[in-house]
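Chemist: Got a file for you: input.tsv, TSV, C-alpha atoms.
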chain	number	residue	atom	x	y	z
M	1	ARG	CA	-17.99	9.92	6.29
M	2	LYS	CA	-16.15	9.40	3.01
M	3	GLU	CA	-17.61	7.02	0.43
M	4	VAL	CA	-14.37	5.07	0.26
M	5	GLU	CA	-12.01	4.88	3.22
M	6	GLN	CA	-8.57	3.35	3.41
M	7	ASP	CA	-6.09	2.61	6.17
M	8	PRO	CA	-4.31	5.92	6.70
M	9	GLY	CA	-0.79	4.43	6.78
M	10	PRO	CA	2.02	4.94	6.20
M	11	PHE	CA	3.17	1.34	6.28
M	12	ASN	CA	6.91	0.86	6.71
M	13	VAL	CA	7.94	-2.79	6.33
M	14	PRO	CA	11.19	-4.70	5.76
M	15	GLU	CA	11.83	-6.57	2.53
M	16	GLY	CA	10.18	-9.97	2.56
M	17	ALA	CA	7.36	-8.94	4.88
M	18	THR	CA	3.68	-9.56	4.23
M	19	VAL	CA	1.49	-6.48	4.37
M	20	ALA	CA	-2.28	-6.05	4.08
M	21	PHE	CA	-4.36	-3.01	3.22
M	22	ASN	CA	-8.07	-2.65	3.82
M	23	CYS	CA	-10.63	-0.41	2.20
M	24	THR	CA	-14.28	0.11	3.15
M	25	TYR	CA	-17.03	1.57	0.99
M	26	SER	CA	-20.43	2.97	1.92
M	27	ASN	CA	-22.46	2.61	-1.30
M	28	SER	CA	-24.10	-0.81	-1.27
M	29	ALA	CA	-24.90	-0.38	-4.98
M	30	SER	CA	-21.20	-0.50	-5.85
M	31	GLN	CA	-20.52	-2.99	-8.61
M	32	SER	CA	-16.84	-3.16	-9.39
M	33	PHE	CA	-13.70	-2.76	-7.37
M	34	PHE	CA	-10.04	-2.20	-8.14
M	35	TRP	CA	-6.63	-1.58	-6.65
M	36	TYR	CA	-4.34	0.91	-8.32
M	37	ARG	CA	-0.73	1.72	-7.63
M	38	GLN	CA	0.60	5.28	-7.83
M	39	ASP	CA	4.26	6.18	-7.75
M	40	CYS	CA	5.33	9.63	-6.61
M	41	ARG	CA	4.22	12.35	-9.05
M	42	LYS	CA	3.00	9.79	-11.58
M	43	GLU	CA	-0.38	8.65	-12.81
M	44	PRO	CA	-2.15	5.70	-11.13
M	45	LYS	CA	-1.72	2.33	-12.80
M	46	LEU	CA	-4.18	-0.53	-12.55
M	47	LEU	CA	-2.82	-3.22	-10.24
M	48	MET	CA	-5.73	-5.61	-10.20
M	49	SER	CA	-9.49	-5.92	-10.29
M	50	VAL	CA	-11.18	-7.41	-7.24
M	51	TYR	CA	-13.69	-10.21	-7.62
M	52	SER	CA	-16.14	-11.71	-5.15
M	53	SER	CA	-14.34	-15.03	-5.29
M	54	GLY	CA	-11.01	-13.36	-4.55
M	55	ASN	CA	-8.16	-13.26	-7.01
M	56	GLU	CA	-4.43	-13.62	-6.98
M	57	ASP	CA	-1.69	-12.29	-9.24
M	58	GLY	CA	1.73	-13.49	-8.19
M	59	ARG	CA	2.51	-12.01	-4.78
M	60	PHE	CA	-0.70	-9.97	-4.73
M	61	THR	CA	-4.07	-11.21	-3.48
M	62	ALA	CA	-7.27	-9.20	-3.50
M	63	GLN	CA	-10.45	-10.05	-1.62
M	64	LEU	CA	-13.95	-8.59	-1.65
M	65	ASN	CA	-16.49	-8.92	1.17
M	66	ARG	CA	-19.81	-7.52	-0.09
M	67	ALA	CA	-21.67	-8.19	3.15
M	68	SER	CA	-19.23	-6.09	5.17
M	69	GLN	CA	-18.49	-3.74	2.27
M	70	TYR	CA	-14.75	-3.93	2.30
M	71	ILE	CA	-11.95	-4.98	0.01
M	72	SER	CA	-8.42	-5.94	0.87
M	73	LEU	CA	-5.03	-6.24	-0.78
M	74	LEU	CA	-2.35	-8.60	0.51
M	75	ILE	CA	1.24	-8.31	-0.65
M	76	ARG	CA	3.53	-11.23	0.17
M	77	ASP	CA	7.34	-11.21	0.11
M	78	SER	CA	7.51	-7.40	-0.23
M	79	LYS	CA	10.12	-5.98	-2.61
M	80	LEU	CA	11.75	-2.56	-2.54
M	81	SER	CA	9.95	-1.88	-5.83
M	82	ASP	CA	6.57	-2.32	-4.12
M	83	SER	CA	7.07	1.06	-2.40
M	84	ALA	CA	4.24	3.26	-3.66
M	85	THR	CA	0.79	4.54	-2.77
M	86	TYR	CA	-2.02	2.01	-3.18
M	87	LEU	CA	-5.43	3.36	-4.12
M	88	CYS	CA	-8.72	1.57	-3.65
M	89	VAL	CA	-11.39	2.34	-6.29
M	90	VAL	CA	-15.10	1.60	-6.22
M	91	ASN	CA	-17.43	1.95	-9.23
M	92	THR	CA	-21.18	2.09	-9.44
M	93	ASN	CA	-22.96	0.34	-12.30
M	94	ALA	CA	-23.44	3.77	-13.90
M	95	GLY	CA	-19.68	4.09	-14.25
M	96	LYS	CA	-19.04	6.65	-11.52
M	97	SER	CA	-15.73	6.02	-9.79
M	98	THR	CA	-14.72	6.93	-6.27
M	99	PHE	CA	-11.11	6.70	-5.14
M	100	GLY	CA	-9.84	6.28	-1.62
M	101	ASP	CA	-7.13	8.67	-0.43
M	102	GLY	CA	-4.53	5.94	-0.70
M	103	THR	CA	-2.18	4.11	1.63
M	104	THR	CA	1.54	4.69	1.35
M	105	LEU	CA	3.85	1.68	1.56
M	106	THR	CA	7.59	1.94	2.07
M	107	VAL	CA	9.59	-1.27	1.86
M	108	LYS	CA	13.03	-0.97	3.46
M	109	PRO	CA	16.13	-3.12	2.95
Y	1	ASP	CA	1.30	2.60	-29.50
Y	2	GLY	CA	-2.19	2.76	-28.01
Y	3	GLY	CA	-2.68	4.98	-25.03
Y	4	ILE	CA	-3.85	8.21	-23.48
Y	5	THR	CA	-2.01	11.45	-23.99
Y	6	GLN	CA	-2.29	14.63	-22.01
Y	7	SER	CA	-0.59	17.87	-22.82
Y	8	PRO	CA	1.19	19.84	-21.67
Y	9	LYS	CA	2.89	18.14	-18.74
Y	10	TYR	CA	3.27	21.44	-16.87
Y	11	LEU	CA	1.11	24.53	-17.32
Y	12	PHE	CA	1.36	27.94	-15.70
Y	13	ARG	CA	-1.38	30.56	-15.80
Y	14	LYS	CA	-2.26	33.82	-14.17
Y	15	GLU	CA	-5.29	34.01	-11.94
Y	16	GLY	CA	-8.43	35.03	-13.82
Y	17	GLN	CA	-7.52	33.22	-17.04
Y	18	ASN	CA	-9.35	30.22	-18.42
Y	19	VAL	CA	-7.13	27.30	-19.41
Y	20	THR	CA	-7.93	24.18	-21.45
Y	21	LEU	CA	-6.26	20.83	-20.74
Y	22	SER	CA	-6.00	18.32	-23.53
Y	23	CYS	CA	-6.81	14.60	-23.32
Y	24	GLU	CA	-6.72	12.21	-26.29
Y	25	GLN	CA	-7.03	8.42	-26.43
Y	26	ASN	CA	-6.66	5.93	-29.25
Y	27	LEU	CA	-7.82	2.90	-27.27
Y	28	ASN	CA	-11.34	3.04	-28.75
Y	29	HIS	CA	-12.71	3.43	-25.23
Y	30	ASP	CA	-16.23	4.79	-24.85
Y	31	ALA	CA	-15.90	6.34	-21.40
Y	32	MET	CA	-13.56	9.15	-20.38
Y	33	TYR	CA	-12.96	10.84	-17.04
Y	34	TRP	CA	-11.30	13.88	-15.51
Y	35	TYR	CA	-9.89	13.90	-11.99
Y	36	ARG	CA	-7.88	16.30	-9.92
Y	37	GLN	CA	-5.41	15.34	-7.23
Y	38	ASP	CA	-4.14	17.67	-4.53
Y	39	PRO	CA	-0.96	16.95	-2.56
Y	40	GLY	CA	-1.33	14.03	-0.16
Y	41	GLN	CA	-4.87	13.30	-1.27
Y	42	GLY	CA	-6.65	10.83	-3.49
Y	43	LEU	CA	-8.27	11.52	-6.85
Y	44	ARG	CA	-11.53	13.44	-7.01
Y	45	LEU	CA	-13.84	13.07	-9.99
Y	46	ILE	CA	-14.63	16.27	-11.89
Y	47	TYR	CA	-16.65	15.03	-14.87
Y	48	TYR	CA	-17.09	11.83	-16.80
Y	49	SER	CA	-18.57	10.93	-20.15
Y	50	GLN	CA	-19.82	7.45	-21.04
Y	51	ILE	CA	-20.26	8.19	-24.76
Y	52	VAL	CA	-19.92	11.12	-27.13
Y	53	ASN	CA	-22.09	14.09	-26.09
Y	54	ASP	CA	-22.92	12.43	-22.77
Y	55	PHE	CA	-21.78	14.11	-19.55
Y	56	GLN	CA	-22.11	13.36	-15.89
Y	57	LYS	CA	-20.97	15.63	-13.09
Y	58	GLY	CA	-18.54	14.22	-10.62
Y	59	ASP	CA	-17.99	15.31	-7.06
Y	60	ILE	CA	-16.28	18.64	-7.78
Y	61	ALA	CA	-17.67	19.94	-11.11
Y	62	GLU	CA	-18.00	23.61	-10.14
Y	63	GLY	CA	-15.64	25.92	-12.02
Y	64	TYR	CA	-14.96	23.45	-14.85
Y	65	SER	CA	-16.37	23.03	-18.34
Y	66	PHE	CA	-15.80	20.35	-20.94
Y	67	SER	CA	-16.79	18.95	-24.30
Y	68	ARG	CA	-17.00	15.48	-25.82
Y	69	GLU	CA	-17.57	15.96	-29.53
Y	70	LYS	CA	-15.37	13.06	-30.55
Y	71	LYS	CA	-14.85	9.66	-28.99
Y	72	GLU	CA	-11.10	10.17	-28.85
Y	73	SER	CA	-11.04	13.60	-27.20
Y	74	PHE	CA	-12.23	14.97	-23.86
Y	75	PRO	CA	-10.75	18.43	-23.21
Y	76	LEU	CA	-11.31	20.13	-19.87
Y	77	THR	CA	-11.44	23.89	-19.32
Y	78	VAL	CA	-10.52	25.24	-15.92
Y	79	THR	CA	-12.41	28.51	-15.70
Y	80	SER	CA	-11.68	31.58	-13.63
Y	81	ALA	CA	-14.60	30.55	-11.40
Y	82	GLN	CA	-12.60	27.63	-10.02
Y	83	LYS	CA	-11.37	28.92	-6.68
Y	84	ASN	CA	-8.36	26.66	-6.20
Y	85	PRO	CA	-7.26	25.55	-9.67
Y	86	THR	CA	-3.67	24.61	-8.84
Y	87	ALA	CA	-3.57	20.80	-8.87
Y	88	PHE	CA	-2.50	17.67	-10.74
Y	89	TYR	CA	-5.13	16.90	-13.40
Y	90	LEU	CA	-5.54	13.32	-14.60
Y	91	CYS	CA	-7.55	12.06	-17.54
Y	92	ALA	CA	-8.62	8.43	-17.86
Y	93	SER	CA	-10.56	6.25	-20.26
Y	94	SER	CA	-12.25	2.90	-19.88
Y	95	ILE	CA	-14.18	0.24	-21.65
Y	96	ARG	CA	-17.08	-1.42	-19.97
Y	97	LEU	CA	-16.50	-5.13	-19.46
Y	98	GLY	CA	-19.53	-6.85	-17.96
Y	99	GLY	CA	-20.36	-3.94	-15.66
Y	100	SER	CA	-16.76	-3.30	-14.69
Y	101	TYR	CA	-14.93	-0.15	-15.75
Y	102	GLU	CA	-11.18	-0.62	-15.76
Y	103	GLN	CA	-9.68	2.83	-16.14
Y	104	TYR	CA	-6.37	3.69	-17.76
Y	105	PHE	CA	-4.75	7.02	-17.05
Y	106	GLY	CA	-2.78	9.55	-19.01
Y	107	PRO	CA	0.43	11.01	-17.55
Y	108	GLY	CA	-1.36	14.06	-16.14
Y	109	THR	CA	-0.98	17.84	-16.36
Y	110	ARG	CA	0.33	19.86	-13.42
Y	111	LEU	CA	-1.44	23.22	-13.45
Y	112	THR	CA	-0.11	26.11	-11.41
Y	113	VAL	CA	-2.15	29.31	-11.17
Y	114	THR	CA	-0.59	32.36	-9.55
Mind turning this structure into structure tokens?
Modeler:
Amino acid sequence: RKEVEQDPGPFNVPEGATVAFNCTYSNSASQSFFWYRQDCRKEPKLLMSVYSSGNEDGRFTAQLNRASQYISLLIRDSKLSDSATYLCVVNTNAGKSTFGDGTTLTVKP
Amino acid sequence: DGGITQSPKYLFRKEGQNVTLSCEQNLNHDAMYWYRQDPGQGLRLIYYSQIVNDFQKGDIAEGYSFSREKKESFPLTVTSAQKNPTAFYLCASSIRLGGSYEQYFGPGTRLTVT
């Protein structure tokens, strides 16, 4: 089993749709959690950190459930420009990072 | 501008040759990381360094060597012992904020070995 597992996707949604991605992690000692966005053939870019209390940034909402060891990302009112691969990242307190394989989102007109 | 630079963007080598990938940051970050990404897959950690002269192996360290003599620089050498060196190599740096390591990536180097 992989340390970090994501929905395999791909997700194909129309503009304006709401889409949710889940990510599970196996290391209970994990301390910090992030979502990154990666466009084709580019480097990943930090989308948002994920906090226990949940956090929102515009159309994006991230949630963390430590008891069940999963994090989620919700995108509301999808835009064409949201099309990308979304990567879940889990860090231990020692700074070691583990990335999920990513979930590909395509938003269609 | 502050940021992370990697060079070159594309690199071609013959099998059996060692090759060194450059990574420089001027963000004053303590920690630096090297990842590789193969087509259709996520990032896999090769090595990371929390401070100068500190090194931690990642998940796929075999066939790679590195140095961290300066805070700003974390070059990676892909040696001839690496069996499948062709990949997209990404360098990142981070600052520790209350136990959280937000990483920022350079543009990457695409290495092709034939």
Chemist: Go through chain M and flag each residue having an atom no more than 7 Å from chain Y; for those, report the closest pair of atoms plus their distance in Å to one decimal, using only C-alpha atoms, ordered by chain and rising number, as JSON lines.
Modeler:
{"residue": "M:Ser32", "atom": "CA", "partner": "Y:Ser100", "partner_atom": "CA", "distance": 5.3}
{"residue": "M:Lys42", "atom": "CA", "partner": "Y:Pro107", "partner_atom": "CA", "distance": 6.6}
{"residue": "M:Glu43", "atom": "CA", "partner": "Y:Pro107", "partner_atom": "CA", "distance": 5.4}
{"residue": "M:Pro44", "atom": "CA", "partner": "Y:Phe105", "partner_atom": "CA", "distance": 6.6}
{"residue": "M:Lys45", "atom": "CA", "partner": "Y:Tyr104", "partner_atom": "CA", "distance": 6.9}
{"residue": "M:Asn93", "atom": "CA", "partner": "Y:Gly99", "partner_atom": "CA", "distance": 6.0}
{"residue": "M:Gly95", "atom": "CA", "partner": "Y:Tyr101", "partner_atom": "CA", "distance": 6.5}
{"residue": "M:Phe99", "atom": "CA", "partner": "Y:Leu43", "partner_atom": "CA", "distance": 5.8}
{"residue": "M:Gly100", "atom": "CA", "partner": "Y:Gly42", "partner_atom": "CA", "distance": 5.9}
{"residue": "M:Asp101", "atom": "CA", "partner": "Y:Gly42", "partner_atom": "CA", "distance": 3.8}
{"residue": "M:Gly102", "atom": "CA", "partner": "Y:Gly42", "partner_atom": "CA", "distance": 6.0}
Chemist: For atom CA of M:Asp7 and atom CA of M:Cys23, quote the distance in Å rounded to one decimal.
Modeler: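 So the answer is 6.7 Å.
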Chemist: Hey, can you check how far atom CA of Y:Lys9 sits from atom CA of Y:Ser22?
Modeler: 10.1 Å
Chemist: What does the distance from atom CA of Y:Trp34 to atom CA of M:Ser26 come to in Å, to one decimal?
Modeler: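 Computed distance, atom CA of Y:Trp34 to atom CA of M:Ser26, equals 22.5 Å.
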Chemist: Kindly extract all protein, DNA and RNA residues lying within 12 Å of the coordinates (-4.2, -6.8, 1.6) given in the file, considering only C-alpha atoms, and supply them as an mmCIF file with C-alpha atoms, keeping the file's coordinate frame.
Modeler:
data_model
loop_
_atom_site.group_PDB
_atom_site.id
_atom_site.type_symbol
_atom_site.label_atom_id
_atom_site.label_comp_id
_atom_site.auth_asym_id
_atom_site.auth_seq_id
_atom_site.Cartn_x
_atom_site.Cartn_y
_atom_site.Cartn_z
ATOM 1 C CA GLN M 6 -8.570 3.350 3.410
ATOM 2 C CA ASP M 7 -6.090 2.610 6.170
ATOM 3 C CA PHE M 11 3.170 1.340 6.280
ATOM 4 C CA THR M 18 3.680 -9.560 4.230
ATOM 5 C CA VAL M 19 1.490 -6.480 4.370
ATOM 6 C CA ALA M 20 -2.280 -6.050 4.080
ATOM 7 C CA PHE M 21 -4.360 -3.010 3.220
ATOM 8 C CA ASN M 22 -8.070 -2.650 3.820
ATOM 9 C CA CYS M 23 -10.630 -0.410 2.200
ATOM 10 C CA TRP M 35 -6.630 -1.580 -6.650
ATOM 11 C CA MET M 48 -5.730 -5.610 -10.200
ATOM 12 C CA VAL M 50 -11.180 -7.410 -7.240
ATOM 13 C CA GLY M 54 -11.010 -13.360 -4.550
ATOM 14 C CA ASN M 55 -8.160 -13.260 -7.010
ATOM 15 C CA GLU M 56 -4.430 -13.620 -6.980
ATOM 16 C CA ARG M 59 2.510 -12.010 -4.780
ATOM 17 C CA PHE M 60 -0.700 -9.970 -4.730
ATOM 18 C CA THR M 61 -4.070 -11.210 -3.480
ATOM 19 C CA ALA M 62 -7.270 -9.200 -3.500
ATOM 20 C CA GLN M 63 -10.450 -10.050 -1.620
ATOM 21 C CA LEU M 64 -13.950 -8.590 -1.650
ATOM 22 C CA TYR M 70 -14.750 -3.930 2.300
ATOM 23 C CA ILE M 71 -11.950 -4.980 0.010
ATOM 24 C CA SER M 72 -8.420 -5.940 0.870
ATOM 25 C CA LEU M 73 -5.030 -6.240 -0.780
ATOM 26 C CA LEU M 74 -2.350 -8.600 0.510
ATOM 27 C CA ILE M 75 1.240 -8.310 -0.650
ATOM 28 C CA ARG M 76 3.530 -11.230 0.170
ATOM 29 C CA SER M 78 7.510 -7.400 -0.230
ATOM 30 C CA TYR M 86 -2.020 2.010 -3.180
ATOM 31 C CA LEU M 87 -5.430 3.360 -4.120
ATOM 32 C CA CYS M 88 -8.720 1.570 -3.650
ATOM 33 C CA THR M 103 -2.180 4.110 1.630
ATOM 34 C CA LEU M 105 3.850 1.680 1.560
#
Chemist: Point out the residue among M:Tyr51, M:Leu80, M:Gln31, M:Thr98 with the least atom-to-atom distance to M:Lys2, counting all atoms listed in the file.
Modeler: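 So, comparing all the options, the nearest one is M:Thr98.
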Chemist: Pick the closest to M:Arg41 from Y:Ala87, Y:Ala61, Y:Val78, Y:Leu11: which is it, counting all atoms listed in the file?
Modeler: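 Looking at the shortest contact to M:Arg41, the residue is Y:Ala87.
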Chemist: Could the centre and edge lengths of an axis-aligned box, enclosing all atoms of stretch 9-25 of chain M in the file with 6 Å extra on each side, be given in Å to one decimal as JSON?
Modeler:
{"center_x": -2.6, "center_y": -2.5, "center_z": 3.9, "size_x": 40.9, "size_y": 26.9, "size_z": 17.8}
